[in-house]
$ cat target.pdb   # PDB, C-alpha atoms, pLDDT in the B column
ATOM      1  CA  MET A   1       0.000   0.000   0.000  1.00 94.00           C
ATOM      2  CA  LEU A   2       1.380   3.377  -1.000  1.00 96.00           C
ATOM      3  CA  LYS A   3       2.386   5.890   1.641  1.00 97.00           C
ATOM      4  CA  ARG A   4       1.605   9.426   0.438  1.00 96.00           C
ATOM      5  CA  ILE A   5       4.180  11.844   1.839  1.00 95.00           C
ATOM      6  CA  VAL A   6       4.049  15.565   1.121  1.00 93.00           C
ATOM      7  CA  VAL A   7       7.352  17.369   0.578  1.00 93.00           C
ATOM      8  CA  VAL A   8       7.078  21.077   1.335  1.00 92.00           C
ATOM      9  CA  GLY A   9       8.965  23.565  -0.822  1.00 88.00           C
ATOM     10  CA  ALA A  10      10.758  20.965  -2.949  1.00 86.00           C
ATOM     11  CA  SER A  11      11.447  21.136  -6.668  1.00 86.00           C
ATOM     12  CA  GLU A  12      10.827  18.203  -8.995  1.00 86.00           C
ATOM     13  CA  SER A  13      14.548  17.430  -9.065  1.00 88.00           C
ATOM     14  CA  GLU A  14      14.641  17.380  -5.254  1.00 88.00           C
ATOM     15  CA  ILE A  15      11.652  15.036  -5.211  1.00 90.00           C
ATOM     16  CA  GLU A  16      13.439  12.697  -7.617  1.00 89.00           C
ATOM     17  CA  ALA A  17      16.601  12.816  -5.495  1.00 89.00           C
ATOM     18  CA  ILE A  18      14.690  11.905  -2.332  1.00 90.00           C
ATOM     19  CA  GLN A  19      12.880   9.097  -4.117  1.00 88.00           C
ATOM     20  CA  LYS A  20      16.193   7.603  -5.248  1.00 87.00           C
ATOM     21  CA  LYS A  21      17.667   8.054  -1.785  1.00 84.00           C
ATOM     22  CA  ILE A  22      14.927   6.145   0.031  1.00 87.00           C
ATOM     23  CA  LYS A  23      14.730   3.412  -2.660  1.00 80.00           C
ATOM     24  CA  ALA A  24      11.179   2.485  -1.655  1.00 83.00           C
ATOM     25  CA  LYS A  25       8.484   1.740  -4.213  1.00 85.00           C
ATOM     26  CA  ASP A  26       5.727   2.040  -1.623  1.00 95.00           C
ATOM     27  CA  VAL A  27       6.402   5.757  -1.014  1.00 95.00           C
ATOM     28  CA  HIS A  28       4.620   8.358  -3.140  1.00 95.00           C
ATOM     29  CA  LEU A  29       6.188  11.796  -2.743  1.00 94.00           C
ATOM     30  CA  VAL A  30       4.053  14.831  -3.532  1.00 92.00           C
ATOM     31  CA  PRO A  31       5.350  18.419  -3.725  1.00 90.00           C
ATOM     32  CA  SER A  32       3.590  21.260  -1.936  1.00 89.00           C
ATOM     33  CA  LYS A  33       4.409  24.956  -1.817  1.00 86.00           C
ATOM     34  CA  SER A  34       3.125  25.396   1.718  1.00 79.00           C
ATOM     35  CA  SER A  35       2.417  23.228   4.745  1.00 75.00           C
ATOM     36  CA  SER A  36      -0.767  25.221   5.317  1.00 72.00           C
ATOM     37  CA  LYS A  37      -2.231  24.163   1.969  1.00 72.00           C
ATOM     38  CA  LEU A  38      -1.830  20.398   1.976  1.00 78.00           C
ATOM     39  CA  SER A  39      -4.114  18.629  -0.464  1.00 79.00           C
ATOM     40  CA  GLY A  40      -5.167  15.009  -0.632  1.00 87.00           C
ATOM     41  CA  ILE A  41      -4.415  12.181   1.759  1.00 94.00           C
ATOM     42  CA  THR A  42      -1.279  13.015   3.727  1.00 94.00           C
ATOM     43  CA  ASP A  43       0.447  10.346   5.819  1.00 96.00           C
ATOM     44  CA  SER A  44       3.345  12.594   6.822  1.00 95.00           C
ATOM     45  CA  VAL A  45       5.273  15.698   5.748  1.00 94.00           C
ATOM     46  CA  ILE A  46       8.917  16.334   4.886  1.00 92.00           C
ATOM     47  CA  TYR A  47      10.128  19.896   5.512  1.00 90.00           C
ATOM     48  CA  ASN A  48      13.905  19.569   5.168  1.00 82.00           C
ATOM     49  CA  THR A  49      14.956  17.696   2.049  1.00 85.00           C
ATOM     50  CA  ASP A  50      18.628  17.812   3.081  1.00 85.00           C
ATOM     51  CA  ASP A  51      18.111  16.021   6.398  1.00 87.00           C
ATOM     52  CA  SER A  52      18.234  12.250   5.942  1.00 89.00           C
ATOM     53  CA  LYS A  53      17.107  11.663   9.528  1.00 91.00           C
ATOM     54  CA  ALA A  54      14.064  13.900   9.015  1.00 90.00           C
ATOM     55  CA  ILE A  55      13.166  11.994   5.854  1.00 92.00           C
ATOM     56  CA  ALA A  56      13.496   8.654   7.662  1.00 92.00           C
ATOM     57  CA  LYS A  57      11.382   9.958  10.537  1.00 94.00           C
ATOM     58  CA  SER A  58       8.694  11.089   8.106  1.00 94.00           C
ATOM     59  CA  ILE A  59       8.540   7.617   6.569  1.00 95.00           C
ATOM     60  CA  GLN A  60       8.201   6.109  10.052  1.00 95.00           C
ATOM     61  CA  GLN A  61       5.313   8.499  10.776  1.00 96.00           C
ATOM     62  CA  ALA A  62       3.645   7.421   7.539  1.00 97.00           C
ATOM     63  CA  ASP A  63       4.064   3.770   8.546  1.00 96.00           C
ATOM     64  CA  ARG A  64       2.361   4.481  11.872  1.00 97.00           C
ATOM     65  CA  ALA A  65      -0.499   6.296  10.127  1.00 95.00           C
ATOM     66  CA  LEU A  66      -1.103   3.292   7.869  1.00 96.00           C
ATOM     67  CA  ALA A  67      -0.828   0.884  10.796  1.00 96.00           C
ATOM     68  CA  THR A  68      -3.642   2.768  12.532  1.00 95.00           C
ATOM     69  CA  LEU A  69      -5.894   2.477   9.477  1.00 95.00           C
ATOM     70  CA  GLU A  70      -5.045  -1.217   9.152  1.00 95.00           C
ATOM     71  CA  LEU A  71      -5.956  -1.762  12.808  1.00 94.00           C
ATOM     72  CA  LEU A  72      -9.310  -0.084  12.187  1.00 94.00           C
ATOM     73  CA  ALA A  73      -9.850  -2.320   9.145  1.00 94.00           C
ATOM     74  CA  GLN A  74      -9.119  -5.408  11.251  1.00 92.00           C
ATOM     75  CA  ALA A  75     -11.722  -4.275  13.767  1.00 91.00           C
ATOM     76  CA  ILE A  76     -14.271  -3.913  10.968  1.00 91.00           C
ATOM     77  CA  ASP A  77     -13.412  -7.398   9.656  1.00 89.00           C
ATOM     78  CA  CYS A  78     -13.673  -8.978  13.094  1.00 88.00           C
ATOM     79  CA  ARG A  79     -17.046  -7.340  13.656  1.00 85.00           C
ATOM     80  CA  GLU A  80     -18.445  -9.587  10.913  1.00 81.00           C
ATOM     81  CA  ALA A  81     -16.276 -12.549  11.939  1.00 71.00           C
ATOM     82  CA  PHE A  82     -14.151 -12.162   8.797  1.00 74.00           C
ATOM     83  CA  ARG A  83     -10.546 -13.244   8.964  1.00 69.00           C
ATOM     84  CA  PRO A  84      -8.366 -10.326  10.151  1.00 66.00           C
ATOM     85  CA  GLU A  85      -6.474 -10.329   6.848  1.00 77.00           C
ATOM     86  CA  SER A  86      -9.616  -9.963   4.700  1.00 86.00           C
ATOM     87  CA  SER A  87      -9.235  -6.233   4.147  1.00 91.00           C
ATOM     88  CA  LYS A  88      -5.493  -6.626   3.615  1.00 91.00           C
ATOM     89  CA  ARG A  89      -6.231  -9.098   0.818  1.00 93.00           C
ATOM     90  CA  LEU A  90      -8.651  -6.633  -0.755  1.00 96.00           C
ATOM     91  CA  VAL A  91      -6.014  -3.898  -0.617  1.00 97.00           C
ATOM     92  CA  GLU A  92      -3.513  -6.189  -2.354  1.00 96.00           C
ATOM     93  CA  HIS A  93      -6.031  -6.693  -5.156  1.00 97.00           C
ATOM     94  CA  ALA A  94      -6.650  -2.939  -5.258  1.00 98.00           C
ATOM     95  CA  THR A  95      -2.927  -2.329  -5.726  1.00 97.00           C
ATOM     96  CA  ARG A  96      -2.689  -4.790  -8.600  1.00 97.00           C
ATOM     97  CA  PHE A  97      -5.875  -3.486 -10.210  1.00 98.00           C
ATOM     98  CA  ALA A  98      -4.677   0.128  -9.980  1.00 98.00           C
ATOM     99  CA  ILE A  99      -1.377  -0.775 -11.645  1.00 97.00           C
ATOM    100  CA  ALA A 100      -3.103  -2.909 -14.283  1.00 97.00           C
ATOM    101  CA  CYS A 101      -5.423  -0.016 -15.177  1.00 98.00           C
ATOM    102  CA  GLU A 102      -2.486   2.435 -15.130  1.00 98.00           C
ATOM    103  CA  LEU A 103      -4.041   4.719 -12.542  1.00 98.00           C
ATOM    104  CA  SER A 104      -2.081   7.674 -11.241  1.00 97.00           C
ATOM    105  CA  LYS A 105      -0.371   7.107  -7.900  1.00 96.00           C
ATOM    106  CA  ASP A 106      -2.814   9.510  -6.245  1.00 96.00           C
ATOM    107  CA  ASP A 107      -5.738   7.428  -7.510  1.00 98.00           C
ATOM    108  CA  GLN A 108      -3.958   4.245  -6.427  1.00 98.00           C
ATOM    109  CA  VAL A 109      -3.709   5.679  -2.906  1.00 98.00           C
ATOM    110  CA  LEU A 110      -7.437   6.453  -2.937  1.00 98.00           C
ATOM    111  CA  LEU A 111      -8.422   2.992  -4.198  1.00 98.00           C
ATOM    112  CA  GLU A 112      -6.221   1.247  -1.620  1.00 98.00           C
ATOM    113  CA  ARG A 113      -7.575   3.315   1.287  1.00 98.00           C
ATOM    114  CA  ALA A 114     -11.169   2.932   0.097  1.00 98.00           C
ATOM    115  CA  ALA A 115     -10.648  -0.840  -0.090  1.00 98.00           C
ATOM    116  CA  LEU A 116      -9.372  -0.776   3.483  1.00 96.00           C
ATOM    117  CA  LEU A 117     -12.244   1.319   4.890  1.00 97.00           C
ATOM    118  CA  ARG A 118     -15.082   0.431   2.503  1.00 97.00           C
ATOM    119  CA  ASP A 119     -17.252  -1.093   5.260  1.00 96.00           C
ATOM    120  CA  ILE A 120     -16.520   1.360   8.064  1.00 97.00           C
ATOM    121  CA  GLY A 121     -20.221   2.283   8.089  1.00 97.00           C
ATOM    122  CA  LYS A 122     -21.063  -1.220   9.357  1.00 95.00           C
ATOM    123  CA  LEU A 123     -19.648  -0.201  12.730  1.00 94.00           C
ATOM    124  CA  GLN A 124     -22.912   1.681  13.262  1.00 95.00           C
ATOM    125  CA  ILE A 125     -25.187  -1.222  12.252  1.00 95.00           C
ATOM    126  CA  PRO A 126     -26.631  -3.040  15.313  1.00 94.00           C
ATOM    127  CA  ASN A 127     -25.337  -6.574  15.944  1.00 92.00           C
ATOM    128  CA  ASN A 128     -28.819  -8.071  15.844  1.00 93.00           C
ATOM    129  CA  VAL A 129     -29.068  -6.933  12.213  1.00 94.00           C
ATOM    130  CA  LEU A 130     -25.479  -7.171  10.979  1.00 92.00           C
ATOM    131  CA  LEU A 131     -24.922 -10.635  12.467  1.00 89.00           C
ATOM    132  CA  LYS A 132     -28.446 -11.993  12.091  1.00 90.00           C
ATOM    133  CA  ASP A 133     -28.553 -15.739  11.453  1.00 86.00           C
ATOM    134  CA  GLY A 134     -31.401 -15.970   8.980  1.00 88.00           C
ATOM    135  CA  LEU A 135     -33.275 -13.952   6.412  1.00 93.00           C
ATOM    136  CA  LEU A 136     -33.338 -10.209   6.854  1.00 94.00           C
ATOM    137  CA  THR A 137     -36.598  -8.297   6.854  1.00 97.00           C
ATOM    138  CA  PHE A 138     -37.042  -5.512   4.306  1.00 96.00           C
ATOM    139  CA  ASP A 139     -36.298  -2.871   6.963  1.00 97.00           C
ATOM    140  CA  GLU A 140     -33.205  -4.749   8.134  1.00 97.00           C
ATOM    141  CA  TRP A 141     -31.908  -5.030   4.585  1.00 96.00           C
ATOM    142  CA  GLN A 142     -32.477  -1.303   4.107  1.00 96.00           C
ATOM    143  CA  LEU A 143     -30.444  -0.683   7.251  1.00 96.00           C
ATOM    144  CA  ILE A 144     -27.603  -2.866   5.964  1.00 96.00           C
ATOM    145  CA  GLN A 145     -27.630  -0.953   2.683  1.00 97.00           C
ATOM    146  CA  ASN A 146     -27.258   2.287   4.608  1.00 97.00           C
ATOM    147  CA  HIS A 147     -23.708   1.297   5.600  1.00 97.00           C
ATOM    148  CA  THR A 148     -22.323   2.887   2.414  1.00 98.00           C
ATOM    149  CA  SER A 149     -23.862   6.278   3.198  1.00 98.00           C
ATOM    150  CA  ILE A 150     -22.968   6.014   6.892  1.00 98.00           C
ATOM    151  CA  GLY A 151     -19.382   5.141   6.000  1.00 98.00           C
ATOM    152  CA  ALA A 152     -19.130   7.987   3.512  1.00 98.00           C
ATOM    153  CA  ASP A 153     -20.389  10.454   6.111  1.00 98.00           C
ATOM    154  CA  LEU A 154     -17.883   9.140   8.664  1.00 97.00           C
ATOM    155  CA  VAL A 155     -14.798   9.538   6.474  1.00 97.00           C
ATOM    156  CA  ALA A 156     -16.045  12.882   5.125  1.00 96.00           C
ATOM    157  CA  ASP A 157     -15.528  14.232   8.640  1.00 90.00           C
ATOM    158  CA  MET A 158     -12.109  12.610   9.127  1.00 90.00           C
ATOM    159  CA  ASP A 159      -9.125  14.849   8.485  1.00 84.00           C
ATOM    160  CA  GLY A 160      -7.283  13.641   5.390  1.00 88.00           C
ATOM    161  CA  LEU A 161      -9.799  10.985   4.362  1.00 95.00           C
ATOM    162  CA  ALA A 162     -12.633  13.088   2.947  1.00 95.00           C
ATOM    163  CA  GLU A 163     -11.689  12.129  -0.628  1.00 96.00           C
ATOM    164  CA  LEU A 164     -12.733   8.558   0.139  1.00 98.00           C
ATOM    165  CA  ALA A 165     -16.344   9.539   0.828  1.00 98.00           C
ATOM    166  CA  PRO A 166     -17.751   9.351  -2.749  1.00 98.00           C
ATOM    167  CA  ILE A 167     -15.863   6.085  -3.409  1.00 98.00           C
ATOM    168  CA  ILE A 168     -17.209   4.406  -0.289  1.00 98.00           C
ATOM    169  CA  ARG A 169     -20.724   5.771  -0.822  1.00 98.00           C
ATOM    170  CA  SER A 170     -20.956   4.323  -4.339  1.00 98.00           C
ATOM    171  CA  HIS A 171     -19.082   1.004  -4.107  1.00 98.00           C
ATOM    172  CA  HIS A 172     -22.367  -0.974  -4.129  1.00 98.00           C
ATOM    173  CA  GLU A 173     -23.826   0.851  -7.118  1.00 98.00           C
ATOM    174  CA  CYS A 174     -24.336  -1.298 -10.231  1.00 98.00           C
ATOM    175  CA  PHE A 175     -23.380  -0.331 -13.769  1.00 98.00           C
ATOM    176  CA  ASP A 176     -26.974  -0.940 -14.936  1.00 98.00           C
ATOM    177  CA  GLY A 177     -28.417   1.309 -12.211  1.00 98.00           C
ATOM    178  CA  ASP A 178     -29.709  -1.510  -9.997  1.00 97.00           C
ATOM    179  CA  GLY A 179     -27.396  -0.855  -7.052  1.00 97.00           C
ATOM    180  CA  TYR A 180     -27.544   1.315  -3.938  1.00 98.00           C
ATOM    181  CA  PRO A 181     -27.787   3.820  -2.329  1.00 97.00           C
ATOM    182  CA  SER A 182     -28.530   6.220  -5.224  1.00 97.00           C
ATOM    183  CA  LYS A 183     -29.262   3.961  -8.226  1.00 98.00           C
ATOM    184  CA  LEU A 184     -26.387   5.542 -10.129  1.00 98.00           C
ATOM    185  CA  GLU A 185     -25.763   4.178 -13.608  1.00 98.00           C
ATOM    186  CA  GLY A 186     -22.715   3.765 -15.844  1.00 98.00           C
ATOM    187  CA  GLU A 187     -20.195   6.565 -15.637  1.00 97.00           C
ATOM    188  CA  GLU A 188     -22.300   8.378 -13.052  1.00 98.00           C
ATOM    189  CA  ILE A 189     -20.564   5.981 -10.666  1.00 98.00           C
ATOM    190  CA  PRO A 190     -17.015   7.108  -9.781  1.00 98.00           C
ATOM    191  CA  ILE A 191     -14.515   4.883 -11.581  1.00 98.00           C
ATOM    192  CA  LEU A 192     -12.758   4.000  -8.318  1.00 98.00           C
ATOM    193  CA  SER A 193     -16.108   2.828  -6.915  1.00 98.00           C
ATOM    194  CA  ARG A 194     -16.616   0.673 -10.008  1.00 98.00           C
ATOM    195  CA  MET A 195     -13.178  -0.843  -9.490  1.00 98.00           C
ATOM    196  CA  LEU A 196     -13.760  -1.355  -5.774  1.00 98.00           C
ATOM    197  CA  LYS A 197     -17.021  -3.174  -6.460  1.00 98.00           C
ATOM    198  CA  ILE A 198     -15.222  -5.682  -8.690  1.00 98.00           C
ATOM    199  CA  ILE A 199     -12.465  -6.537  -6.219  1.00 98.00           C
ATOM    200  CA  ASP A 200     -14.917  -6.533  -3.305  1.00 96.00           C
ATOM    201  CA  VAL A 201     -17.131  -9.126  -5.004  1.00 97.00           C
ATOM    202  CA  TYR A 202     -14.186 -11.204  -6.215  1.00 96.00           C
ATOM    203  CA  CYS A 203     -12.548 -11.319  -2.769  1.00 94.00           C
ATOM    204  CA  ALA A 204     -15.878 -12.013  -1.042  1.00 91.00           C
ATOM    205  CA  MET A 205     -16.566 -14.978  -3.324  1.00 92.00           C
ATOM    206  CA  THR A 206     -13.104 -16.466  -2.881  1.00 91.00           C
ATOM    207  CA  SER A 207     -12.778 -15.945   0.888  1.00 83.00           C
ATOM    208  CA  PRO A 208     -14.449 -17.591   3.925  1.00 69.00           C
ATOM    209  CA  ARG A 209     -17.591 -15.846   5.133  1.00 65.00           C
ATOM    210  CA  SER A 210     -19.699 -16.427   8.255  1.00 59.00           C
ATOM    211  CA  TYR A 211     -22.951 -16.352   6.269  1.00 56.00           C
ATOM    212  CA  ARG A 212     -22.087 -19.303   3.987  1.00 56.00           C
ATOM    213  CA  ASN A 213     -20.217 -22.590   4.088  1.00 60.00           C
ATOM    214  CA  ASN A 214     -18.715 -22.747   0.600  1.00 72.00           C
ATOM    215  CA  ILE A 215     -15.951 -20.756  -1.065  1.00 81.00           C
ATOM    216  CA  SER A 216     -16.000 -20.136  -4.808  1.00 86.00           C
ATOM    217  CA  SER A 217     -12.970 -21.062  -6.880  1.00 90.00           C
ATOM    218  CA  ALA A 218     -11.118 -18.311  -8.713  1.00 92.00           C
ATOM    219  CA  ASP A 219     -12.516 -19.651 -11.985  1.00 94.00           C
ATOM    220  CA  ASP A 220     -16.090 -19.543 -10.680  1.00 95.00           C
ATOM    221  CA  ALA A 221     -15.599 -16.012  -9.364  1.00 95.00           C
ATOM    222  CA  LEU A 222     -14.197 -14.859 -12.702  1.00 96.00           C
ATOM    223  CA  ALA A 223     -17.093 -16.534 -14.508  1.00 96.00           C
ATOM    224  CA  HIS A 224     -19.510 -14.565 -12.305  1.00 97.00           C
ATOM    225  CA  LEU A 225     -17.720 -11.296 -13.075  1.00 97.00           C
ATOM    226  CA  GLU A 226     -17.801 -12.061 -16.807  1.00 97.00           C
ATOM    227  CA  ASN A 227     -21.497 -12.972 -16.644  1.00 97.00           C
ATOM    228  CA  GLU A 228     -22.318  -9.629 -15.013  1.00 97.00           C
ATOM    229  CA  ARG A 229     -20.376  -7.490 -17.505  1.00 96.00           C
ATOM    230  CA  GLY A 230     -22.449  -4.416 -18.314  1.00 96.00           C
ATOM    231  CA  LYS A 231     -24.921  -5.267 -15.568  1.00 97.00           C
ATOM    232  CA  HIS A 232     -23.375  -5.191 -12.116  1.00 97.00           C
ATOM    233  CA  PHE A 233     -19.921  -4.311 -13.437  1.00 98.00           C
ATOM    234  CA  ASP A 234     -18.213  -1.982 -15.912  1.00 98.00           C
ATOM    235  CA  SER A 235     -17.338  -4.162 -18.933  1.00 98.00           C
ATOM    236  CA  ASP A 236     -14.054  -2.367 -19.679  1.00 98.00           C
ATOM    237  CA  LEU A 237     -12.871  -2.773 -16.102  1.00 98.00           C
ATOM    238  CA  ILE A 238     -13.828  -6.458 -16.091  1.00 98.00           C
ATOM    239  CA  ASP A 239     -11.803  -6.893 -19.288  1.00 97.00           C
ATOM    240  CA  CYS A 240      -8.791  -5.316 -17.573  1.00 97.00           C
ATOM    241  CA  PHE A 241      -9.254  -7.361 -14.377  1.00 97.00           C
ATOM    242  CA  VAL A 242      -9.382 -10.619 -16.343  1.00 96.00           C
ATOM    243  CA  ALA A 243      -6.778  -9.844 -19.006  1.00 96.00           C
ATOM    244  CA  LYS A 244      -4.209  -8.598 -16.490  1.00 96.00           C
ATOM    245  CA  LYS A 245      -4.881 -11.536 -14.137  1.00 95.00           C
ATOM    246  CA  VAL A 246      -5.480  -9.278 -11.162  1.00 97.00           C
ATOM    247  CA  GLY A 247      -7.309 -11.989  -9.262  1.00 92.00           C
ATOM    248  CA  ASP A 248      -4.507 -14.536  -9.243  1.00 81.00           C
ATOM    249  CA  GLY A 249      -1.975 -12.144  -7.789  1.00 69.00           C
ATOM    250  CA  LYS A 250       0.144 -12.035 -10.935  1.00 56.00           C
ATOM    251  CA  SER A 251      -1.002  -8.856 -12.637  1.00 52.00           C
ATOM    252  CA  GLN A 252       1.043  -8.440 -15.818  1.00 50.00           C
ATOM    253  CA  ASN A 253       1.789  -4.803 -15.073  1.00 51.00           C
ATOM    254  CA  ALA A 254       2.454  -5.260 -11.355  1.00 46.00           C
ATOM    255  CA  GLU A 255       5.694  -3.902 -10.035  1.00 43.00           C
ATOM    256  CA  SER A 256       8.160  -6.477  -8.723  1.00 31.00           C
TER     257      SER A 256
END

$ encode --input "target.pdb" --output "structure tokens"
Amino acid sequence: MLKRIVVVGASESEIEAIQKKIKAKDVHLVPSKSSSKLSGITDSVIYNTDDSKAIAKSIQQADRALATLELLAQAIDCREAFRPESSKRLVEHATRFAIACELSKDDQVLLERAALLRDIGKLQIPNNVLLKDGLLTFDEWQLIQNHTSIGADLVADMDGLAELAPIIRSHHECFDGDGYPSKLEGEEIPILSRMLKIIDVYCAMTSPRSYRNNISSADDALAHLENERGKHFDSDLIDCFVAKKVGDGKSQNAES
């Protein structure tokens, strides 16, 4: 998962020099003219580009920021009795999918974080509904569906995570307009939400879940994605997911 670190007052050549110095592919350095006008997700800030210790400390701060988000994701997973690594697996797929689709690094950061926190709204769904053993009533199902809007509202108020709100809100929308919460259709749905929906469904089908006994094979999951092209899923994105072998962990464009 990319760490997005803002470098204040640095030129492009200084950014390149720092990037070579740290030799880390999971660090995305972003220039900023002022520390008072930081934009986008910011895991830490570098103020002195000549101080190697300051740069190392900034990377450590970014690591701690990500560790906190990962801990929150584990809590969300455990709430539904998912394996603690479930969200981590989704993030790994998000990384490969972002690279396969040649997203910018800023968009890769957004997709990875949205994958991690996609279900944060479920923390406000009562246990007797979220963990119900049996069929949900119509009202209970409506409450479950509300988790996307609840989650979007939560991150919208979190410093540095507001950009995730529209992605989280729309990650259960369907390409044919049959999703929720707003019945968005086609390109009305943010592209990162369309991507998140694909990896969310794929990982859900191929991972253990408390509400079912069986696990789909990768082939069966891919067949489902293909069958829903143009309906639940964006056809072009499905083509990329399948052609680049994102699901098997060997995306053709993935960085080594």

$ residues_around --input "target.pdb" --residues "Gln74 in chain A" --least-positions-apart "3" --cutoff "10 Å" --atoms "only C-alpha atoms" --output "list of chain:residue names"
A:Thr68, A:Leu69, A:Glu70, A:Leu71, A:Asp77, A:Cys78, A:Arg79, A:Phe82, A:Arg83, A:Pro84, A:Glu85, A:Ser86, A:Ser87, A:Lys88, A:Leu116, A:Leu117

$ residues_near_point --input "target.pdb" --point "(-20.6, -1.7, -13.8)" --cutoff "7 Å" --atoms "all atoms listed in the file" --output "list in words"
Cys174, Phe175, Asp176, Gly186, Arg194, Arg229, Gly230, Lys231, His232, Phe233, Asp234 and Ser235 of chain A

$ residues_near_point --input "target.pdb" --point "(-31.8, 2.5, -4.6)" --cutoff "12 Å" --atoms "all atoms listed in the file" --output "list in words"
Trp141, Gln142, Gln145, Asn146, Thr148, Ser149, Ser170, His172, Glu173, Cys174, Asp176, Gly177, Asp178, Gly179, Tyr180, Pro181, Ser182, Lys183, Leu184 and Glu185 of chain A

$ atom_distance --input "target.pdb" --atom1 "CA of Ala218 in chain A" --atom2 "CA of Ala98 in chain A"
19.6 Å

$ atom_distance --input "target.pdb" --atom1 "CA of Leu143 in chain A" --atom2 "CA of Leu130 in chain A"
9.0 Å

$ closest_residue --input "target.pdb" --among "A:Met205, A:Met1, A:Ile59, A:Leu38" --to "Lys23 in chain A" --atoms "only C-alpha atoms"
A:Ile59

$ closest_residue --input "target.pdb" --among "A:Asp43, A:Glu228, A:Glu188, A:Asp153" --to "Val109 in chain A" --atoms "only C-alpha atoms"
A:Asp43

$ closest_residue --input "target.pdb" --among "A:Ala243, A:Ile15, A:Ala165, A:Ala67" --to "Leu110 in chain A" --atoms "all atoms listed in the file"
A:Ala165

$ decode --input "target.pdb" --residues "range 220-234 of chain A" --atoms "N, CA and C atoms" --output "mmCIF file, in the first residue's frame"
data_model
loop_
_atom_site.group_PDB
_atom_site.id
_atom_site.type_symbol
_atom_site.label_atom_id
_atom_site.label_comp_id
_atom_site.auth_asym_id
_atom_site.auth_seq_id
_atom_site.Cartn_x
_atom_site.Cartn_y
_atom_site.Cartn_z
ATOM 1 N N ASP A 220 -14.663 -19.824 -10.846
ATOM 2 C CA ASP A 220 -16.090 -19.543 -10.680
ATOM 3 C C ASP A 220 -16.335 -18.057 -10.431
ATOM 4 N N ALA A 221 -15.457 -17.446 -9.639
ATOM 5 C CA ALA A 221 -15.599 -16.012 -9.364
ATOM 6 C C ALA A 221 -15.407 -15.194 -10.638
ATOM 7 N N LEU A 222 -14.422 -15.564 -11.439
ATOM 8 C CA LEU A 222 -14.197 -14.859 -12.702
ATOM 9 C C LEU A 222 -15.371 -15.062 -13.662
ATOM 10 N N ALA A 223 -15.930 -16.268 -13.652
ATOM 11 C CA ALA A 223 -17.093 -16.534 -14.508
ATOM 12 C C ALA A 223 -18.263 -15.645 -14.107
ATOM 13 N N HIS A 224 -18.433 -15.448 -12.789
ATOM 14 C CA HIS A 224 -19.510 -14.565 -12.305
ATOM 15 C C HIS A 224 -19.269 -13.123 -12.760
ATOM 16 N N LEU A 225 -18.041 -12.658 -12.636
ATOM 17 C CA LEU A 225 -17.720 -11.296 -13.075
ATOM 18 C C LEU A 225 -17.998 -11.130 -14.566
ATOM 19 N N GLU A 226 -17.580 -12.112 -15.359
ATOM 20 C CA GLU A 226 -17.801 -12.061 -16.807
ATOM 21 C C GLU A 226 -19.293 -12.059 -17.125
ATOM 22 N N ASN A 227 -20.056 -12.857 -16.397
ATOM 23 C CA ASN A 227 -21.497 -12.972 -16.644
ATOM 24 C C ASN A 227 -22.232 -11.665 -16.335
ATOM 25 N N GLU A 228 -21.667 -10.877 -15.433
ATOM 26 C CA GLU A 228 -22.318 -9.629 -15.013
ATOM 27 C C GLU A 228 -21.723 -8.399 -15.695
ATOM 28 N N ARG A 229 -20.925 -8.618 -16.749
ATOM 29 C CA ARG A 229 -20.376 -7.490 -17.505
ATOM 30 C C ARG A 229 -21.512 -6.630 -18.046
ATOM 31 N N GLY A 230 -21.427 -5.326 -17.823
ATOM 32 C CA GLY A 230 -22.449 -4.416 -18.314
ATOM 33 C C GLY A 230 -23.698 -4.378 -17.459
ATOM 34 N N LYS A 231 -23.777 -5.258 -16.489
ATOM 35 C CA LYS A 231 -24.921 -5.267 -15.568
ATOM 36 C C LYS A 231 -24.451 -4.766 -14.205
ATOM 37 N N HIS A 232 -23.910 -5.650 -13.399
ATOM 38 C CA HIS A 232 -23.375 -5.191 -12.116
ATOM 39 C C HIS A 232 -22.056 -4.440 -12.291
ATOM 40 N N PHE A 233 -21.285 -4.802 -13.319
ATOM 41 C CA PHE A 233 -19.921 -4.311 -13.437
ATOM 42 C C PHE A 233 -19.656 -3.612 -14.769
ATOM 43 N N ASP A 234 -18.693 -2.688 -14.725
ATOM 44 C CA ASP A 234 -18.213 -1.982 -15.912
ATOM 45 C C ASP A 234 -17.465 -2.986 -16.797
#
